[in-house]
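Text of start02.cif, listed as mmCIF, C-alpha atoms:
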data_target
loop_
_atom_site.label_atom_id
_atom_site.label_comp_id
_atom_site.auth_asym_id
_atom_site.auth_seq_id
_atom_site.Cartn_x
_atom_site.Cartn_y
_atom_site.Cartn_z
CA MET A 93 -26.81 -8.03 11.00
CA LYS A 94 -27.97 -4.64 12.27
CA ASN A 95 -30.71 -2.64 10.55
CA PHE A 96 -29.74 -0.16 7.84
CA ASN A 97 -31.42 2.04 5.24
CA PHE A 98 -31.07 0.95 1.62
CA LYS A 99 -30.87 3.72 -0.97
CA SER A 100 -30.19 3.81 -4.71
CA ALA A 101 -28.44 6.57 -6.64
CA THR A 102 -28.82 7.33 -10.35
CA ASN A 103 -25.63 9.42 -10.67
CA THR A 104 -22.44 10.10 -8.73
CA LYS A 105 -23.56 13.53 -7.46
CA GLU A 106 -26.68 12.00 -5.97
CA ALA A 107 -24.63 9.18 -4.43
CA ALA A 108 -22.20 11.65 -2.84
CA LYS A 109 -25.04 13.67 -1.32
CA MET A 110 -26.48 10.51 0.24
CA ALA A 111 -23.15 9.61 1.85
CA THR A 112 -23.73 11.24 5.22
CA GLY A 113 -23.18 9.84 8.71
CA ARG A 114 -22.40 6.13 8.81
CA ALA A 115 -23.11 5.50 5.13
CA THR A 116 -21.16 3.50 2.56
CA PHE A 117 -21.43 2.64 -1.12
CA LEU A 118 -22.59 -0.77 -2.33
CA ALA A 119 -21.66 -2.22 -5.72
CA GLY A 120 -21.13 -5.99 -5.83
CA GLY A 121 -21.09 -6.35 -2.05
CA MET A 122 -18.78 -9.37 -2.12
CA THR A 123 -16.81 -8.10 0.89
CA LEU A 124 -19.15 -5.51 2.36
CA LEU A 125 -22.19 -7.75 2.93
CA PRO A 126 -20.29 -10.62 4.64
CA ALA A 127 -18.60 -8.04 6.91
CA ILE A 128 -21.99 -6.62 7.90
CA LYS A 129 -23.46 -10.09 8.34
CA LEU A 130 -20.61 -11.11 10.66
CA ARG A 131 -20.96 -7.80 12.55
CA LEU A 132 -17.45 -6.76 11.62
CA ALA A 133 -18.93 -3.55 10.21
CA ALA A 134 -22.13 -1.56 10.69
CA TYR A 135 -23.61 1.28 8.62
CA SER A 136 -26.68 3.47 8.87
CA ASP A 137 -27.14 3.55 5.09
CA LEU A 138 -26.10 1.41 2.12
CA ILE A 139 -26.06 3.41 -1.12
CA ASN A 140 -26.52 1.23 -4.18
CA ILE A 141 -24.41 2.52 -7.09
CA LYS A 142 -24.94 -0.39 -9.51
CA LYS A 143 -27.63 1.57 -11.37
CA ILE A 144 -25.22 4.37 -12.29
CA LYS A 145 -24.49 3.51 -15.93
CA ALA A 146 -21.53 5.91 -16.14
CA LEU A 147 -19.61 3.77 -13.64
CA SER A 148 -19.40 0.70 -15.87
CA GLY A 149 -17.70 -0.02 -19.17
CA ILE A 150 -14.26 -0.40 -20.73
CA LYS A 151 -12.48 2.13 -22.97
CA VAL A 152 -9.13 1.62 -24.70
CA SER A 153 -6.70 4.11 -26.21
CA SER A 154 -3.16 3.65 -27.50
CA LYS A 155 -1.69 4.56 -24.10
CA SER A 156 -4.27 3.54 -21.51
CA LEU A 157 -7.11 1.21 -20.58
CA ARG A 158 -9.93 2.76 -18.57
CA ILE A 159 -12.33 0.52 -16.64
CA GLY A 160 -15.44 1.83 -14.93
CA ALA A 161 -15.60 1.21 -11.19
CA SER A 162 -18.72 -0.97 -11.25
CA THR A 163 -17.42 -3.21 -14.05
CA THR A 164 -17.43 -6.80 -12.82
CA HIS A 165 -14.44 -9.13 -12.72
CA ALA A 166 -16.23 -11.39 -15.21
CA ASP A 167 -16.64 -8.53 -17.67
CA VAL A 168 -12.94 -7.65 -17.41
CA ALA A 169 -11.94 -11.30 -17.88
CA ALA A 170 -14.16 -11.70 -20.96
CA SER A 171 -13.41 -8.32 -22.55
CA LYS A 172 -11.77 -8.46 -25.99
CA GLU A 173 -10.43 -4.94 -25.42
CA VAL A 174 -8.70 -5.96 -22.19
CA GLY A 175 -7.45 -9.20 -23.73
CA LYS A 176 -5.87 -7.28 -26.59
CA SER A 177 -4.40 -4.30 -24.71
CA ILE A 178 -3.45 -5.82 -21.31
CA PRO A 179 -4.02 -9.60 -21.44
CA SER A 180 -2.44 -10.07 -18.00
CA LEU A 181 -5.28 -8.04 -16.50
CA ALA A 182 -7.84 -10.40 -18.03
CA VAL A 183 -5.93 -13.34 -16.57
CA LEU A 184 -5.93 -11.68 -13.14
CA ALA A 185 -9.69 -11.07 -13.28
CA GLU A 186 -10.37 -14.67 -14.31
CA GLY A 187 -8.46 -15.90 -11.25
CA ILE A 188 -10.50 -13.97 -8.67
CA GLY A 189 -12.72 -16.07 -6.40
CA ASP A 190 -15.35 -18.25 -8.07
CA PRO A 191 -17.93 -17.58 -10.83
CA GLN A 192 -20.41 -16.15 -8.33
CA VAL A 193 -17.87 -13.65 -7.02
CA ARG A 194 -16.63 -12.74 -10.50
CA ASN A 195 -20.14 -12.03 -11.73
CA ARG A 196 -20.99 -9.74 -8.78
CA GLY A 197 -17.69 -8.29 -7.56
CA THR A 198 -16.40 -5.06 -9.11
CA ILE A 199 -12.99 -3.56 -9.71
CA GLY A 200 -13.89 -0.38 -7.82
CA GLY A 201 -15.10 -2.32 -4.82
CA SER A 202 -11.95 -4.42 -4.77
CA ILE A 203 -9.50 -1.53 -4.65
CA ALA A 204 -11.68 0.57 -2.32
CA ASN A 205 -11.67 -2.32 0.15
CA ASN A 206 -7.90 -2.84 -0.30
CA ASP A 207 -7.74 -6.33 1.18
CA PRO A 208 -4.09 -7.29 1.85
CA ALA A 209 -4.48 -10.37 -0.37
CA ALA A 210 -6.62 -8.88 -3.17
CA ASP A 211 -5.42 -9.10 -6.77
CA TYR A 212 -6.42 -5.77 -8.34
CA PRO A 213 -4.29 -3.54 -6.06
CA SER A 214 -1.17 -5.23 -7.48
CA ALA A 215 -2.37 -4.46 -11.01
CA CYS A 216 -2.91 -0.83 -10.07
CA LEU A 217 0.64 -0.46 -8.75
CA ALA A 218 2.38 -2.45 -11.48
CA LEU A 219 0.48 -0.77 -14.33
CA ASN A 220 0.96 2.75 -12.94
CA ALA A 221 -2.80 3.24 -12.66
CA THR A 222 -4.68 6.42 -11.94
CA ILE A 223 -7.82 6.14 -9.80
CA HIS A 224 -10.47 8.60 -10.92
CA THR A 225 -12.96 9.65 -8.23
CA ASN A 226 -15.82 12.14 -8.14
CA LYS A 227 -13.40 14.61 -6.56
CA LYS A 228 -9.91 14.03 -7.95
CA LYS A 229 -7.37 11.80 -9.67
CA ILE A 230 -5.16 9.66 -7.41
CA PRO A 231 -1.95 7.91 -8.58
CA ALA A 232 -1.94 4.27 -7.48
CA ASP A 233 1.36 4.85 -5.66
CA LYS A 234 -0.49 7.21 -3.29
CA PHE A 235 -3.85 5.41 -3.16
CA PHE A 236 -3.11 2.32 -1.04
CA LYS A 237 -2.28 3.40 2.51
CA GLY A 238 -2.48 0.30 4.74
CA MET A 239 -4.63 -2.68 5.67
CA PHE A 240 -8.14 -1.93 4.32
CA GLU A 241 -7.07 1.73 4.12
CA THR A 242 -6.93 3.99 1.05
CA ASP A 243 -6.66 7.67 0.20
CA LEU A 244 -10.45 7.89 -0.28
CA LYS A 245 -12.19 10.48 1.87
CA LYS A 246 -15.73 10.43 3.26
CA GLY A 247 -18.26 10.57 0.43
CA GLU A 248 -15.58 10.07 -2.23
CA LEU A 249 -16.56 7.56 -4.89
CA ILE A 250 -14.33 5.74 -7.36
CA GLU A 251 -15.56 6.35 -10.91
CA ALA A 252 -12.92 4.56 -12.97
CA VAL A 253 -9.45 3.03 -12.93
CA GLU A 254 -7.10 3.97 -15.77
CA PHE A 255 -4.16 1.64 -16.43
CA GLU A 256 -1.07 2.42 -18.48
CA VAL A 257 -0.78 -0.04 -21.38
CA PRO A 258 2.55 -1.86 -20.89
CA GLU A 259 4.99 -3.24 -23.42
CA LYS A 260 4.90 -6.54 -21.54
CA SER A 261 3.20 -7.70 -18.35
CA ALA A 262 2.12 -10.78 -16.42
CA TYR A 263 0.51 -11.66 -13.11
CA SER A 264 1.39 -14.84 -11.27
CA LYS A 265 -0.42 -15.94 -8.13
CA PHE A 266 0.05 -18.66 -5.54
CA PRO A 267 -3.58 -18.85 -4.37
CA ASN A 268 -5.28 -20.08 -1.26
CA PRO A 269 -7.00 -23.22 -2.64
CA ALA A 270 -10.30 -22.38 -0.92
CA SER A 271 -10.75 -18.62 -1.29
CA ARG A 272 -8.37 -18.08 -4.22
CA TYR A 273 -7.07 -14.98 -2.47
CA ALA A 274 -3.34 -14.54 -3.04
CA ILE A 275 -1.05 -16.15 -0.50
CA VAL A 276 1.50 -14.46 -2.74
CA GLY A 277 0.75 -12.61 -5.96
CA VAL A 278 3.34 -10.86 -8.13
CA TYR A 279 2.54 -8.51 -11.03
CA VAL A 280 5.45 -7.64 -13.33
CA ALA A 281 5.06 -4.87 -15.90
CA LYS A 282 7.54 -3.49 -18.40
CA LEU A 283 6.33 0.01 -19.16
CA LYS A 284 7.74 2.46 -21.67
CA LYS A 285 9.87 4.27 -19.07
CA GLU A 286 10.25 1.79 -16.20
CA ILE A 287 9.88 -1.70 -14.79
CA ARG A 288 7.34 -2.06 -11.99
CA VAL A 289 6.81 -5.09 -9.75
CA ALA A 290 3.92 -5.20 -7.29
CA VAL A 291 3.40 -7.82 -4.57
CA THR A 292 0.16 -8.72 -2.78
CA GLY A 293 -0.71 -11.19 -0.01
CA VAL A 294 2.62 -10.70 1.74
CA GLU A 295 2.29 -7.60 3.95
CA SER A 296 -0.60 -5.64 5.46
CA CYS A 297 -0.87 -3.74 2.18
CA VAL A 298 0.15 -4.24 -1.44
CA PHE A 299 3.64 -2.89 -2.19
CA ARG A 300 6.22 -2.41 -4.93
CA CYS A 301 9.38 -4.52 -4.65
CA LYS A 302 12.29 -2.22 -5.50
CA LYS A 303 14.88 -5.01 -5.39
CA LEU A 304 13.08 -6.92 -8.13
CA GLU A 305 12.46 -3.74 -10.12
CA ASP A 306 16.17 -2.86 -10.03
CA ALA A 307 17.24 -6.37 -11.02
CA LEU A 308 14.80 -6.55 -13.93
CA SER A 309 15.70 -3.03 -15.07
CA ASN A 310 19.28 -4.25 -15.57
CA ASN A 311 18.29 -7.55 -17.13
CA PHE A 312 14.65 -8.25 -17.97
CA SER A 313 14.76 -12.03 -17.65
CA PRO A 314 13.91 -14.69 -15.04
CA SER A 315 17.62 -15.31 -14.38
CA ALA A 316 18.01 -11.74 -13.08
CA ILE A 317 15.84 -12.68 -10.09
CA ASP A 318 18.07 -15.54 -8.92
CA ASN A 319 20.52 -13.34 -7.02
CA VAL A 320 17.91 -11.08 -5.43
CA ASN A 321 17.69 -11.46 -1.65
CA ILE A 322 14.15 -10.96 -0.30
CA SER A 323 14.01 -10.38 3.46
CA SER A 324 10.97 -11.83 5.26
CA LYS A 325 10.99 -9.12 7.93
CA GLY A 326 7.50 -7.68 8.38
CA PHE A 327 5.86 -10.30 6.14
CA ASN A 328 2.59 -12.00 7.03
CA ALA A 329 2.76 -15.38 8.77
CA ASP A 330 -0.32 -17.56 9.25
CA ILE A 331 -1.62 -21.13 8.94
CA HIS A 332 -1.20 -20.95 5.17
CA ALA A 333 2.41 -19.81 4.94
CA SER A 334 5.25 -18.55 7.11
CA ALA A 335 6.94 -15.22 6.45
CA GLU A 336 10.04 -17.06 5.18
CA TYR A 337 7.97 -19.19 2.81
CA ARG A 338 6.26 -16.09 1.43
CA ALA A 339 9.66 -14.49 0.82
CA HIS A 340 10.68 -17.57 -1.18
CA ILE A 341 7.43 -17.68 -3.16
CA ILE A 342 7.80 -14.02 -4.18
CA LYS A 343 10.85 -14.97 -6.25
CA VAL A 344 9.14 -18.08 -7.65
CA MET A 345 6.08 -16.09 -8.76
CA ALA A 346 8.22 -13.22 -10.08
CA LYS A 347 10.24 -15.62 -12.25
CA LYS A 348 7.06 -17.25 -13.49
CA ALA A 349 5.61 -13.83 -14.37
#
Please render this file's structure as structure tokens.
Amino acid sequence: MKNFNFKSATNTKEAAKMATGRATFLAGGMTLLPAIKLRLAAYSDLINIKKIKALSGIKVSSKSLRIGASTTHADVAASKEVGKSIPSLAVLAEGIGDPQVRNRGTIGGSIANNDPAADYPSACLALNATIHTNKKKIPADKFFKGMFETDLKKGELIEAVEFEVPEKSAYSKFPNPASRYAIVGVYVAKLKKEIRVAVTGVESCVFRCKKLEDALSNNFSPSAIDNVNISSKGFNADIHASAEYRAHIIKVMAKKA
């Protein structure tokens, strides 16, 4: 691990001003610190944002659920507000990593990192989320750009994630037994105006599956998925699952959801 300067910010404006040169923000550090330790990443400054109180907390309205960026996975999983408004999101949070990860990792850190097998990006796409930053509001459909790549610019900090409250929703994951990352994860949401299906763990970036969305829009039931043909072209293939196996599991997880 290379040397770096450690700084702490008390508000988002202060944090943004500190983000110069090779600097990055630190919340839970569940991905960032291992990457630095393994010399996969190097930064001149780590800016601690955990002390910014405005970045944590959960607020519910009749139409949306807003979660502060530094809110931990454990807090989301245990929240009565989340459990009542979007129970599938609480289930997703409970299935992330292990207790140590859930008690340190944050929702903002997860989507900012945009790991191809992370859970929260699928929730953002399926629940038509809006990502609030210190500079603008970004629709989830435009936020996730590619492997570990997002629409965030230098010095831009996620402040909160606002999810649309669905009529029905569920997340089903086929996890890696060791890491609990998604080999395949499928989030199905029936919103007021549309059906959205998001898939993680399958390509270099989370994506919406239009074929499943169209099928469920015509008939919102597991049987509607039977005749959907999912091509494995461009899907991930590794020691855990082939591209063809992932294509099969998408339908299995979608039906379960």
Contacts between segment 136-146 of chain A and segment 166-250 of chain A, please, where a residue of segment 166-250 of chain A counts if it comes within 12 Å (with all atoms listed in the file); show its shortest atom pair and distance in Å to one decimal, rows by chain and ascending number, as a tab-separated table.
residue	atom	partner	partner_atom	distance
A:Arg196	CA	A:Lys142	CA	10.2
A:Gly197	CA	A:Lys142	CA	10.9
A:Thr198	CA	A:Lys142	CA	9.7
A:Gly200	CA	A:Ile141	CA	10.9
A:Gly201	CA	A:Ile141	CA	10.7
A:Asn226	CA	A:Ala146	CA	11.6
A:Gly247	CA	A:Ile139	CA	10.7
A:Leu249	CA	A:Ile141	CA	9.6
A:Ile250	CA	A:Ile141	CA	10.6
Which of A:Gly277, A:Pro191, A:Gly121, A:Gly293 sits closest to Lys343 of chain A [using only C-alpha atoms] =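 Ranking A:Gly277, A:Pro191, A:Gly121, A:Gly293 by distance to Lys343 of chain A, first place goes to A:Gly277.
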Starting from the shown file, work through the PyMOL selection byres ((chain A and resi 281) around 9) and note down what comes out as a PyMOL selection string.
-> chain A and resi 215+218-219+258-263+279-280+282-283+286-290
Nearest residue to Ala115 of chain A from the set A:His224, A:Lys229, A:His165, A:Lys246 (distances using only C-alpha atoms) = A:Lys246
Translate the PyMOL selection byres ((chain A and resi 344) around 10), as applied to the file shown, into an explicit residue set as an MDAnalysis selection string.
-> chainID A and resid 264:266 276 278 314 317:318 338:343 345:349
Selection result of the PyMOL selection byres ((chain A and resi 182-184) around 10) on this file, as number ranges by chain | A: 165-181, 185-188, 211-212, 214-215, 262-265, 277, 279
Calculate, to one decimal in Å, the centre and edge lengths of the box along x, y and z of the file that holds all listed atoms of segment 142-149 of chain A with 8 Å of margin on each side, and present them as lines of an AutoDock Vina configuration file.
center_x = -22.7
center_y = 2.8
center_z = -14.3
size_x = 25.9
size_y = 22.3
size_z = 25.7
Selection: 12 Å around Asp330 of chain A, all atoms listed in the file, excl. self and same-chain fewer than 2 positions, as a list in words | Asn268, Ile275, Gly293, Val294, Glu295, Phe327, Asn328, His332, Ala333, Ser334, Ala335, Glu336, Tyr337 and Arg338 of chain A
Enter the distance from atom CA of Glu251 of chain A to atom CA of Asn95 of chain A, in Å, rounded to one decimal.
->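 Separating atom CA of Glu251 of chain A from atom CA of Asn95 of chain A is a distance of 27.8 Å.
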Spatial neighbours of segment 127-130 of chain A, max dist 12 Å, all atoms listed in the file, sep filter under 2 positions, as a PyMOL selection string = chain A and resi 93-96+116+118+121-125+132-138+205
Using all atoms listed in the file, which residue out of A:Gly149, A:Gly189, A:Gly160, A:Gly326 lies closest to Arg272 of chain A?
->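 The answer is A:Gly189, which sits nearest to Arg272 of chain A.
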What would the list of residues within 8 Å of (15.5, -8.5, -9.4) (file frame) look like as a PyMOL selection string, if only C-alpha atoms are what count?
-> chain A and resi 303-309+316-320
Interatomic distance (Å, one decimal) between atom CA of Asn311 of chain A and atom CA of Asn220 of chain A =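 Rounded to one decimal, the two atoms are 20.6 Å apart.
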What is the atom CA of Ile223 of chain A-atom CA of Ala252 of chain A distance in Å, reported with one decimal?
->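 Separating atom CA of Ile223 of chain A from atom CA of Ala252 of chain A is a distance of 6.2 Å.
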Do you know which residues are at most 12 Å from Thr222 of chain A counting all atoms listed in the file, after dropping those on the same chain fewer than 5 positions away, and could you put them as a ChimeraX atom specification?
-> /A:156-159,203,213,215-217,228-236,250-256
Using only C-alpha atoms, which of the listed residues (A:Cys301, A:Asp207, A:Thr225, A:Phe312) sits closest to Ala108 of chain A?
->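 Comparing A:Cys301, A:Asp207, A:Thr225, A:Phe312 against Ala108 of chain A, the winner is A:Thr225.
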